[in-house]
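The file protein00.pdb comes next; it holds PDB, C-alpha atoms and all ligand atoms.
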ATOM      1  CA  MET A   1     159.463 122.910 141.186  1.00  0.00           C
ATOM      2  CA  GLY A   2     161.249 120.923 138.521  1.00  0.00           C
ATOM      3  CA  ASP A   3     159.840 118.179 136.375  1.00  0.00           C
ATOM      4  CA  ASN A   4     158.488 115.852 139.044  1.00  0.00           C
ATOM      5  CA  TYR A   5     154.956 115.588 137.811  1.00  0.00           C
ATOM      6  CA  SER A   6     153.307 113.502 135.129  1.00  0.00           C
ATOM      7  CA  THR A   7     150.152 115.592 135.063  1.00  0.00           C
ATOM      8  CA  TYR A   8     149.273 119.275 135.320  1.00  0.00           C
ATOM      9  CA  LEU A   9     145.911 120.733 136.294  1.00  0.00           C
ATOM     10  CA  LEU A  10     145.561 124.391 135.326  1.00  0.00           C
ATOM     11  CA  ASP A  11     143.198 127.150 136.359  1.00  0.00           C
ATOM     12  CA  ILE A  12     142.583 129.727 133.613  1.00  0.00           C
ATOM     13  CA  GLU A  13     141.945 133.331 134.763  1.00  0.00           C
ATOM     14  CA  GLY A  14     144.807 134.774 136.785  1.00  0.00           C
ATOM     15  CA  THR A  15     146.952 131.704 136.086  1.00  0.00           C
ATOM     16  CA  ILE A  16     147.477 131.237 132.344  1.00  0.00           C
ATOM     17  CA  CYS A  17     145.326 134.148 131.128  1.00  0.00           C
ATOM     18  CA  PRO A  18     145.009 137.711 132.478  1.00  0.00           C
ATOM     19  CA  ILE A  19     142.329 137.971 135.151  1.00  0.00           C
ATOM     20  CA  SER A  20     140.898 140.981 133.274  1.00  0.00           C
ATOM     21  CA  PHE A  21     139.978 139.022 130.118  1.00  0.00           C
ATOM     22  CA  VAL A  22     136.440 138.142 131.212  1.00  0.00           C
ATOM     23  CA  LYS A  23     135.643 141.547 132.694  1.00  0.00           C
ATOM     24  CA  ASP A  24     137.362 143.725 130.082  1.00  0.00           C
ATOM     25  CA  THR A  25     136.811 141.696 126.921  1.00  0.00           C
ATOM     26  CA  LEU A  26     134.101 139.036 127.130  1.00  0.00           C
ATOM     27  CA  PHE A  27     131.514 141.016 129.088  1.00  0.00           C
ATOM     28  CA  PRO A  28     131.799 144.260 127.064  1.00  0.00           C
ATOM     29  CA  TYR A  29     131.668 142.211 123.849  1.00  0.00           C
ATOM     30  CA  PHE A  30     128.436 140.601 125.024  1.00  0.00           C
ATOM     31  CA  THR A  31     126.890 143.921 126.104  1.00  0.00           C
ATOM     32  CA  ASN A  32     127.644 145.539 122.748  1.00  0.00           C
ATOM     33  CA  ARG A  33     126.238 142.618 120.816  1.00  0.00           C
ATOM     34  CA  VAL A  34     123.069 142.502 122.946  1.00  0.00           C
ATOM     35  CA  LEU A  35     122.230 146.077 122.020  1.00  0.00           C
ATOM     36  CA  GLU A  36     122.621 145.214 118.364  1.00  0.00           C
ATOM     37  CA  LEU A  37     120.831 141.824 118.508  1.00  0.00           C
ATOM     38  CA  VAL A  38     117.786 143.146 120.344  1.00  0.00           C
ATOM     39  CA  GLN A  39     117.434 146.255 118.185  1.00  0.00           C
ATOM     40  CA  GLN A  40     117.739 144.625 114.792  1.00  0.00           C
ATOM     41  CA  ASP A  41     115.271 141.878 114.229  1.00  0.00           C
ATOM     42  CA  SER A  42     117.925 139.256 114.172  1.00  0.00           C
ATOM     43  CA  ARG A  43     118.079 137.303 110.955  1.00  0.00           C
ATOM     44  CA  ASP A  44     119.783 134.592 112.974  1.00  0.00           C
ATOM     45  CA  SER A  45     116.992 132.262 114.043  1.00  0.00           C
ATOM     46  CA  SER A  46     118.999 130.817 116.945  1.00  0.00           C
ATOM     47  CA  ILE A  47     119.272 134.276 118.482  1.00  0.00           C
ATOM     48  CA  SER A  48     115.575 135.084 117.952  1.00  0.00           C
ATOM     49  CA  GLU A  49     114.713 131.739 119.463  1.00  0.00           C
ATOM     50  CA  ILE A  50     116.791 132.370 122.597  1.00  0.00           C
ATOM     51  CA  LEU A  51     115.515 135.944 122.966  1.00  0.00           C
ATOM     52  CA  SER A  52     111.899 134.801 122.659  1.00  0.00           C
ATOM     53  CA  GLN A  53     112.338 132.668 125.787  1.00  0.00           C
ATOM     54  CA  PHE A  54     112.493 135.837 127.885  1.00  0.00           C
ATOM     55  CA  HIS A  55     108.853 136.560 126.863  1.00  0.00           C
ATOM     56  CA  ILE A  56     109.409 140.321 126.679  1.00  0.00           C
ATOM     57  CA  ASP A  57     108.124 141.908 123.466  1.00  0.00           C
ATOM     58  CA  ASP A  58     109.213 145.480 124.072  1.00  0.00           C
ATOM     59  CA  LYS A  59     112.798 145.856 122.808  1.00  0.00           C
ATOM     60  CA  GLN A  60     113.799 148.517 125.291  1.00  0.00           C
ATOM     61  CA  LYS A  61     112.519 146.404 128.165  1.00  0.00           C
ATOM     62  CA  LEU A  62     114.126 143.246 126.833  1.00  0.00           C
ATOM     63  CA  GLN A  63     117.476 144.975 126.495  1.00  0.00           C
ATOM     64  CA  ALA A  64     117.201 146.460 130.001  1.00  0.00           C
ATOM     65  CA  HIS A  65     116.246 143.057 131.405  1.00  0.00           C
ATOM     66  CA  ILE A  66     119.268 141.308 129.882  1.00  0.00           C
ATOM     67  CA  LEU A  67     121.701 144.023 130.955  1.00  0.00           C
ATOM     68  CA  ASN A  68     120.239 143.923 134.453  1.00  0.00           C
ATOM     69  CA  LEU A  69     120.791 140.152 134.672  1.00  0.00           C
ATOM     70  CA  VAL A  70     124.405 140.702 133.628  1.00  0.00           C
ATOM     71  CA  ALA A  71     124.939 143.595 136.056  1.00  0.00           C
ATOM     72  CA  LYS A  72     123.538 141.594 138.962  1.00  0.00           C
ATOM     73  CA  ASP A  73     125.390 138.445 137.881  1.00  0.00           C
ATOM     74  CA  VAL A  74     122.151 136.428 137.951  1.00  0.00           C
ATOM     75  CA  LYS A  75     122.711 132.770 136.999  1.00  0.00           C
ATOM     76  CA  ASP A  76     119.871 132.736 134.506  1.00  0.00           C
ATOM     77  CA  PRO A  77     119.880 129.746 132.129  1.00  0.00           C
ATOM     78  CA  ILE A  78     118.517 131.765 129.191  1.00  0.00           C
ATOM     79  CA  LEU A  79     121.178 134.431 129.750  1.00  0.00           C
ATOM     80  CA  LYS A  80     123.860 131.714 129.872  1.00  0.00           C
ATOM     81  CA  GLN A  81     122.577 130.288 126.605  1.00  0.00           C
ATOM     82  CA  LEU A  82     122.598 133.718 124.960  1.00  0.00           C
ATOM     83  CA  GLN A  83     126.092 134.511 126.235  1.00  0.00           C
ATOM     84  CA  GLY A  84     127.357 131.122 125.059  1.00  0.00           C
ATOM     85  CA  TYR A  85     125.959 131.743 121.599  1.00  0.00           C
ATOM     86  CA  VAL A  86     127.258 135.314 121.322  1.00  0.00           C
ATOM     87  CA  TRP A  87     130.735 134.428 122.540  1.00  0.00           C
ATOM     88  CA  ALA A  88     130.959 131.399 120.252  1.00  0.00           C
ATOM     89  CA  ASP A  89     130.113 133.687 117.368  1.00  0.00           C
ATOM     90  CA  GLY A  90     132.721 136.213 118.553  1.00  0.00           C
ATOM     91  CA  TYR A  91     135.475 133.606 118.661  1.00  0.00           C
ATOM     92  CA  GLU A  92     134.494 131.916 115.415  1.00  0.00           C
ATOM     93  CA  SER A  93     134.338 135.208 113.535  1.00  0.00           C
ATOM     94  CA  GLY A  94     137.805 136.212 114.788  1.00  0.00           C
ATOM     95  CA  GLN A  95     136.515 139.131 116.870  1.00  0.00           C
ATOM     96  CA  ILE A  96     137.563 137.531 120.161  1.00  0.00           C
ATOM     97  CA  LYS A  97     140.943 135.902 120.748  1.00  0.00           C
ATOM     98  CA  ALA A  98     141.999 134.564 124.131  1.00  0.00           C
ATOM     99  CA  PRO A  99     145.184 136.237 125.451  1.00  0.00           C
ATOM    100  CA  ILE A 100     146.866 133.147 126.923  1.00  0.00           C
ATOM    101  CA  TYR A 101     150.335 134.065 128.244  1.00  0.00           C
ATOM    102  CA  VAL A 102     153.149 133.046 125.905  1.00  0.00           C
ATOM    103  CA  ASP A 103     154.940 131.082 128.653  1.00  0.00           C
ATOM    104  CA  ALA A 104     151.699 129.138 129.235  1.00  0.00           C
ATOM    105  CA  ILE A 105     151.362 128.349 125.521  1.00  0.00           C
ATOM    106  CA  ASP A 106     154.932 127.007 125.477  1.00  0.00           C
ATOM    107  CA  PHE A 107     154.248 125.040 128.657  1.00  0.00           C
ATOM    108  CA  MET A 108     151.140 123.410 127.208  1.00  0.00           C
ATOM    109  CA  LYS A 109     153.059 122.423 124.096  1.00  0.00           C
ATOM    110  CA  ARG A 110     155.967 121.060 126.136  1.00  0.00           C
ATOM    111  CA  LYS A 111     154.114 118.973 128.738  1.00  0.00           C
ATOM    112  CA  LYS A 112     152.441 115.645 128.142  1.00  0.00           C
ATOM    113  CA  ARG A 113     149.312 115.630 130.295  1.00  0.00           C
ATOM    114  CA  ILE A 114     147.447 118.895 130.683  1.00  0.00           C
ATOM    115  CA  PHE A 115     143.992 119.258 132.224  1.00  0.00           C
ATOM    116  CA  ILE A 116     141.965 122.410 132.794  1.00  0.00           C
ATOM    117  CA  TYR A 117     139.749 123.194 135.781  1.00  0.00           C
ATOM    118  CA  SER A 118     137.806 126.449 135.638  1.00  0.00           C
ATOM    119  CA  SER A 119     134.497 127.761 136.906  1.00  0.00           C
ATOM    120  CA  GLY A 120     133.682 128.771 133.313  1.00  0.00           C
ATOM    121  CA  SER A 121     131.806 125.956 131.573  1.00  0.00           C
ATOM    122  CA  VAL A 122     133.635 123.216 129.675  1.00  0.00           C
ATOM    123  CA  LYS A 123     132.005 124.562 126.526  1.00  0.00           C
ATOM    124  CA  ALA A 124     133.395 128.057 127.200  1.00  0.00           C
ATOM    125  CA  GLN A 125     136.827 126.577 127.987  1.00  0.00           C
ATOM    126  CA  ARG A 126     136.939 124.707 124.673  1.00  0.00           C
ATOM    127  CA  LEU A 127     136.114 127.898 122.803  1.00  0.00           C
ATOM    128  CA  LEU A 128     138.734 129.876 124.695  1.00  0.00           C
ATOM    129  CA  PHE A 129     141.512 127.394 123.896  1.00  0.00           C
ATOM    130  CA  GLY A 130     140.276 126.939 120.350  1.00  0.00           C
ATOM    131  CA  TYR A 131     140.846 130.634 119.555  1.00  0.00           C
ATOM    132  CA  VAL A 132     144.014 131.899 121.201  1.00  0.00           C
ATOM    133  CA  LYS A 133     145.811 135.076 120.170  1.00  0.00           C
ATOM    134  CA  ASP A 134     149.168 134.221 118.601  1.00  0.00           C
ATOM    135  CA  PRO A 135     151.625 136.215 120.732  1.00  0.00           C
ATOM    136  CA  LYS A 136     154.146 136.269 117.875  1.00  0.00           C
ATOM    137  CA  ALA A 137     151.615 137.394 115.266  1.00  0.00           C
ATOM    138  CA  PRO A 138     148.518 138.828 116.969  1.00  0.00           C
ATOM    139  CA  GLU A 139     147.055 139.969 113.634  1.00  0.00           C
ATOM    140  CA  HIS A 140     147.133 136.439 112.210  1.00  0.00           C
ATOM    141  CA  ASP A 141     144.571 133.682 112.615  1.00  0.00           C
ATOM    142  CA  SER A 142     144.217 132.461 116.157  1.00  0.00           C
ATOM    143  CA  LEU A 143     145.999 129.390 117.541  1.00  0.00           C
ATOM    144  CA  ASP A 144     144.131 126.223 118.435  1.00  0.00           C
ATOM    145  CA  LEU A 145     145.529 124.901 121.721  1.00  0.00           C
ATOM    146  CA  THR A 146     142.852 122.247 122.224  1.00  0.00           C
ATOM    147  CA  THR A 147     145.160 119.638 120.718  1.00  0.00           C
ATOM    148  CA  TYR A 148     147.479 120.074 123.727  1.00  0.00           C
ATOM    149  CA  ILE A 149     144.743 119.592 126.323  1.00  0.00           C
ATOM    150  CA  ASP A 150     143.750 116.165 127.632  1.00  0.00           C
ATOM    151  CA  GLY A 151     140.552 117.121 129.418  1.00  0.00           C
ATOM    152  CA  TYR A 152     138.381 119.888 130.849  1.00  0.00           C
ATOM    153  CA  PHE A 153     136.607 120.185 134.199  1.00  0.00           C
ATOM    154  CA  ASP A 154     134.137 122.726 135.527  1.00  0.00           C
ATOM    155  CA  ILE A 155     131.737 123.137 138.444  1.00  0.00           C
ATOM    156  CA  ASN A 156     129.172 120.859 136.796  1.00  0.00           C
ATOM    157  CA  THR A 157     131.585 118.016 136.097  1.00  0.00           C
ATOM    158  CA  SER A 158     133.523 118.145 139.352  1.00  0.00           C
ATOM    159  CA  GLY A 159     132.114 120.539 141.971  1.00  0.00           C
ATOM    160  CA  LYS A 160     133.217 123.855 143.446  1.00  0.00           C
ATOM    161  CA  LYS A 161     136.856 124.814 143.123  1.00  0.00           C
ATOM    162  CA  THR A 162     137.267 125.441 146.846  1.00  0.00           C
ATOM    163  CA  GLU A 163     136.022 121.961 147.890  1.00  0.00           C
ATOM    164  CA  PRO A 164     138.569 119.140 148.387  1.00  0.00           C
ATOM    165  CA  GLN A 165     136.043 116.609 147.062  1.00  0.00           C
ATOM    166  CA  SER A 166     136.171 118.286 143.640  1.00  0.00           C
ATOM    167  CA  TYR A 167     139.879 117.477 143.347  1.00  0.00           C
ATOM    168  CA  ALA A 168     139.240 113.885 144.446  1.00  0.00           C
ATOM    169  CA  ASN A 169     136.631 113.679 141.660  1.00  0.00           C
ATOM    170  CA  ILE A 170     139.121 114.968 139.108  1.00  0.00           C
ATOM    171  CA  LEU A 171     141.828 112.509 140.223  1.00  0.00           C
ATOM    172  CA  ARG A 172     139.354 109.671 139.787  1.00  0.00           C
ATOM    173  CA  ASP A 173     138.363 110.914 136.330  1.00  0.00           C
ATOM    174  CA  ILE A 174     141.920 111.303 135.043  1.00  0.00           C
ATOM    175  CA  GLY A 175     143.130 108.141 136.748  1.00  0.00           C
ATOM    176  CA  ALA A 176     146.114 109.742 138.468  1.00  0.00           C
ATOM    177  CA  ASN A 177     147.616 109.596 141.950  1.00  0.00           C
ATOM    178  CA  ALA A 178     147.499 112.915 143.770  1.00  0.00           C
ATOM    179  CA  SER A 179     151.289 112.992 144.173  1.00  0.00           C
ATOM    180  CA  GLU A 180     151.845 112.997 140.381  1.00  0.00           C
ATOM    181  CA  VAL A 181     149.665 116.045 139.842  1.00  0.00           C
ATOM    182  CA  LEU A 182     150.627 119.710 140.105  1.00  0.00           C
ATOM    183  CA  PHE A 183     147.681 122.111 140.327  1.00  0.00           C
ATOM    184  CA  LEU A 184     148.340 125.756 139.438  1.00  0.00           C
ATOM    185  CA  SER A 185     145.977 128.576 140.418  1.00  0.00           C
ATOM    186  CA  ASP A 186     145.932 132.191 141.584  1.00  0.00           C
ATOM    187  CA  ASN A 187     143.389 131.408 144.320  1.00  0.00           C
ATOM    188  CA  PRO A 188     144.867 130.147 147.621  1.00  0.00           C
ATOM    189  CA  LEU A 189     141.519 128.637 148.670  1.00  0.00           C
ATOM    190  CA  GLU A 190     141.602 126.428 145.577  1.00  0.00           C
ATOM    191  CA  LEU A 191     145.208 125.450 146.274  1.00  0.00           C
ATOM    192  CA  ASP A 192     144.331 124.546 149.872  1.00  0.00           C
ATOM    193  CA  ALA A 193     141.449 122.359 148.695  1.00  0.00           C
ATOM    194  CA  ALA A 194     143.706 120.542 146.192  1.00  0.00           C
ATOM    195  CA  ALA A 195     146.463 120.125 148.801  1.00  0.00           C
ATOM    196  CA  THR A 196     143.944 118.496 151.163  1.00  0.00           C
ATOM    197  CA  VAL A 197     143.666 115.523 148.788  1.00  0.00           C
ATOM    198  CA  GLY A 198     147.462 115.402 148.321  1.00  0.00           C
ATOM    199  CA  MET A 199     148.045 117.313 145.076  1.00  0.00           C
ATOM    200  CA  ALA A 200     151.135 119.465 144.769  1.00  0.00           C
ATOM    201  CA  THR A 201     150.205 123.113 144.253  1.00  0.00           C
ATOM    202  CA  GLY A 202     151.687 126.318 142.844  1.00  0.00           C
ATOM    203  CA  LEU A 203     150.435 129.863 143.322  1.00  0.00           C
ATOM    204  CA  ALA A 204     150.325 132.022 140.194  1.00  0.00           C
ATOM    205  CA  ILE A 205     151.345 135.646 140.589  1.00  0.00           C
ATOM    206  CA  ARG A 206     150.323 137.541 137.459  1.00  0.00           C
ATOM    207  CA  PRO A 207     149.827 141.241 136.694  1.00  0.00           C
ATOM    208  CA  GLY A 208     146.403 142.394 137.911  1.00  0.00           C
ATOM    209  CA  ASN A 209     145.837 139.514 140.337  1.00  0.00           C
ATOM    210  CA  ALA A 210     144.554 140.304 143.822  1.00  0.00           C
ATOM    211  CA  PRO A 211     147.367 140.354 146.385  1.00  0.00           C
ATOM    212  CA  VAL A 212     147.612 137.084 148.326  1.00  0.00           C
ATOM    213  CA  PRO A 213     148.387 137.123 152.055  1.00  0.00           C
ATOM    214  CA  ASN A 214     150.754 134.405 153.366  1.00  0.00           C
ATOM    215  CA  THR A 215     152.391 133.735 150.009  1.00  0.00           C
ATOM    216  CA  GLN A 216     155.230 132.057 151.935  1.00  0.00           C
ATOM    217  CA  LYS A 217     152.835 129.120 152.480  1.00  0.00           C
ATOM    218  CA  TYR A 218     152.953 128.383 148.755  1.00  0.00           C
ATOM    219  CA  GLN A 219     155.335 127.640 145.928  1.00  0.00           C
ATOM    220  CA  VAL A 220     154.990 130.811 143.917  1.00  0.00           C
ATOM    221  CA  PHE A 221     155.598 131.299 140.199  1.00  0.00           C
ATOM    222  CA  LYS A 222     155.432 134.351 137.956  1.00  0.00           C
ATOM    223  CA  ASN A 223     155.499 132.357 134.750  1.00  0.00           C
ATOM    224  CA  LEU A 224     155.706 128.730 133.682  1.00  0.00           C
ATOM    225  CA  GLU A 225     159.127 128.873 132.025  1.00  0.00           C
ATOM    226  CA  ASP A 226     160.925 127.121 134.869  1.00  0.00           C
ATOM    227  CA  LEU A 227     158.425 124.329 135.216  1.00  0.00           C
TER     228      LEU A 227
HETATM  229 MG    MG A 301     141.834 131.899 138.690  1.00  0.00          MG
END

Will you turn the file into structure tokens for me?
Amino acid sequence: MGDNYSTYLLDIEGTICPISFVKDTLFPYFTNRVLELVQQDSRDSSISEILSQFHIDDKQKLQAHILNLVAKDVKDPILKQLQGYVWADGYESGQIKAPIYVDAIDFMKRKKRIFIYSSGSVKAQRLLFGYVKDPKAPEHDSLDLTTYIDGYFDINTSGKKTEPQSYANILRDIGANASEVLFLSDNPLELDAAATVGMATGLAIRPGNAPVPNTQKYQVFKNLEDL
């Protein structure tokens, strides 16, 4: 693909981070913390305040309610607030570190204009890139990659990732021509939407990703070293 682009737009899960991170790390971390936060009368007033918004006094019932929302993937604003708080605490306390691929870390350091577009909120994206596992010293303090990122987009800022209009919105916001931008994702529907407005696209093939039919339609990459 060479160095023909001034600007790179990156998906996160399945592209620069293992697809399993959310399911195998973030969600179990939240579930474990919920059990603890509901059972102990939390000394943290922010947590008590969020929990009180559910209006369920019985601890067993409150816990079951929250876990049920998670299991059913209900887009509940109080749940989102609680998750945001718990994950922020997990990152800030060093208990969660984002496993960004080493080739992606090098890429982000090497390239000038990097933007992120993920269905996870901008707030969650900033946390993720603020606390990245150092691949050369995983036991050390996490790396802060936010200094290498020029902007963040999510569904609220730009629209759904499978809609062409979302990519037009992003181009307007970053002030770039479509032809200068390479969008990388593991989801062919997202690549098709970006290609509709004229962006160049690359399909990420990473361990654990769902198999993609018709890969010959796309420029495929297994890591970002050659970009
Ligand atoms: Mg993805």

All residues within 10 Å of ligand MG 301 (chain A) are required, counting all atoms listed in the file; please report them as a list of chain:residue names.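 Those residues are A:Leu10, A:Asp11, A:Ile12, A:Glu13, A:Gly14, A:Thr15, A:Ile16, A:Cys17, A:Pro18, A:Ile19, A:Tyr117, A:Ser118, A:Ser119, A:Lys161, A:Leu184, A:Ser185, A:Asp186, A:Asn187, A:Pro188, A:Glu190, A:Leu203, A:Ala204, A:Asn209.
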
Sphere at (116.2, 132.6, 120.8), radius 12 Å, counting all atoms listed in the file: residues as a CSV table (one decimal) with C-alpha atoms, keeping the file's coordinate frame:
chain,number,residue,atom,x,y,z
A,37,LEU,CA,120.8,141.8,118.5
A,38,VAL,CA,117.8,143.1,120.3
A,41,ASP,CA,115.3,141.9,114.2
A,42,SER,CA,117.9,139.3,114.2
A,43,ARG,CA,118.1,137.3,111.0
A,44,ASP,CA,119.8,134.6,113.0
A,45,SER,CA,117.0,132.3,114.0
A,46,SER,CA,119.0,130.8,116.9
A,47,ILE,CA,119.3,134.3,118.5
A,48,SER,CA,115.6,135.1,118.0
A,49,GLU,CA,114.7,131.7,119.5
A,50,ILE,CA,116.8,132.4,122.6
A,51,LEU,CA,115.5,135.9,123.0
A,52,SER,CA,111.9,134.8,122.7
A,53,GLN,CA,112.3,132.7,125.8
A,54,PHE,CA,112.5,135.8,127.9
A,55,HIS,CA,108.9,136.6,126.9
A,56,ILE,CA,109.4,140.3,126.7
A,78,ILE,CA,118.5,131.8,129.2
A,79,LEU,CA,121.2,134.4,129.8
A,80,LYS,CA,123.9,131.7,129.9
A,81,GLN,CA,122.6,130.3,126.6
A,82,LEU,CA,122.6,133.7,125.0
A,83,GLN,CA,126.1,134.5,126.2
A,85,TYR,CA,126.0,131.7,121.6
A,86,VAL,CA,127.3,135.3,121.3

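Omitting A:Leu9 and its sequence neighbours fewer than 5 positions away, and counting all atoms listed in the file, the residues within 7 Å are A:Ile114, A:Phe115, A:Ile116, A:Tyr117, A:Val181, A:Leu182, A:Phe183, A:Leu184.
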
What does the distance from atom CA of A:Ala71 to atom CA of A:Lys97 come to in Å, to one decimal? 23.4 Å

Can you tell me which residues surround A:Met108 at a distance of at most 10 Å, considering all atoms listed in the file, apart from same-chain residues fewer than 2 positions away, and format the answer as a PyMOL selection string? chain A and resi 8+10+102-106+110-115+145-149+224

Residue nearest A:Asp192 among A:His65, A:Gln95, A:Ser142, A:Pro164 (counting all atoms listed in the file): A:Pro164

Go ahead and compute the interatomic distance for atom CA of A:Glu180 and atom CA of A:Gln125, in Å to one decimal.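 Interatomic distance here is 23.7 Å.
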
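Of the residues under consideration (A:Leu69, A:Ala178, A:Ile100, A:Leu171), A:Leu171 shows the shortest atom-to-atom contact distance to A:Gly151 when counting only C-alpha atoms.
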
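Considering all atoms listed in the file, the residue among A:Asp73, A:Asp57, A:Asp134, A:Glu163 positioned nearest to A:Phe27 is A:Asp73.
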
Between atom CA of A:Ala168 and atom CA of A:Asn156, what is the spacing in Å? 14.4 Å

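Near A:Gln219, within 9 Å and counting only C-alpha atoms, sit Met1, Thr201, Gly202, Leu203, Ala204, Thr215 and Gln216 of chain A, not including residues fewer than 3 positions from it in the same chain.
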
Point out the residue among A:Gln39, A:Thr31, A:Thr25, A:Thr196 with the least atom-to-atom distance to A:Ser166, counting only C-alpha atoms.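 Result for the nearest residue to A:Ser166: A:Thr196.
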
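Considering all atoms listed in the file, the residue among A:Gly198, A:Asp144, A:Leu191, A:Ser93 positioned nearest to A:Tyr218 is A:Leu191.
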
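Each of A:Val220, A:Ala194, A:Leu62, A:Leu26 was compared to A:Asn169 using all atoms listed in the file, and A:Ala194 turns out to be the nearest.
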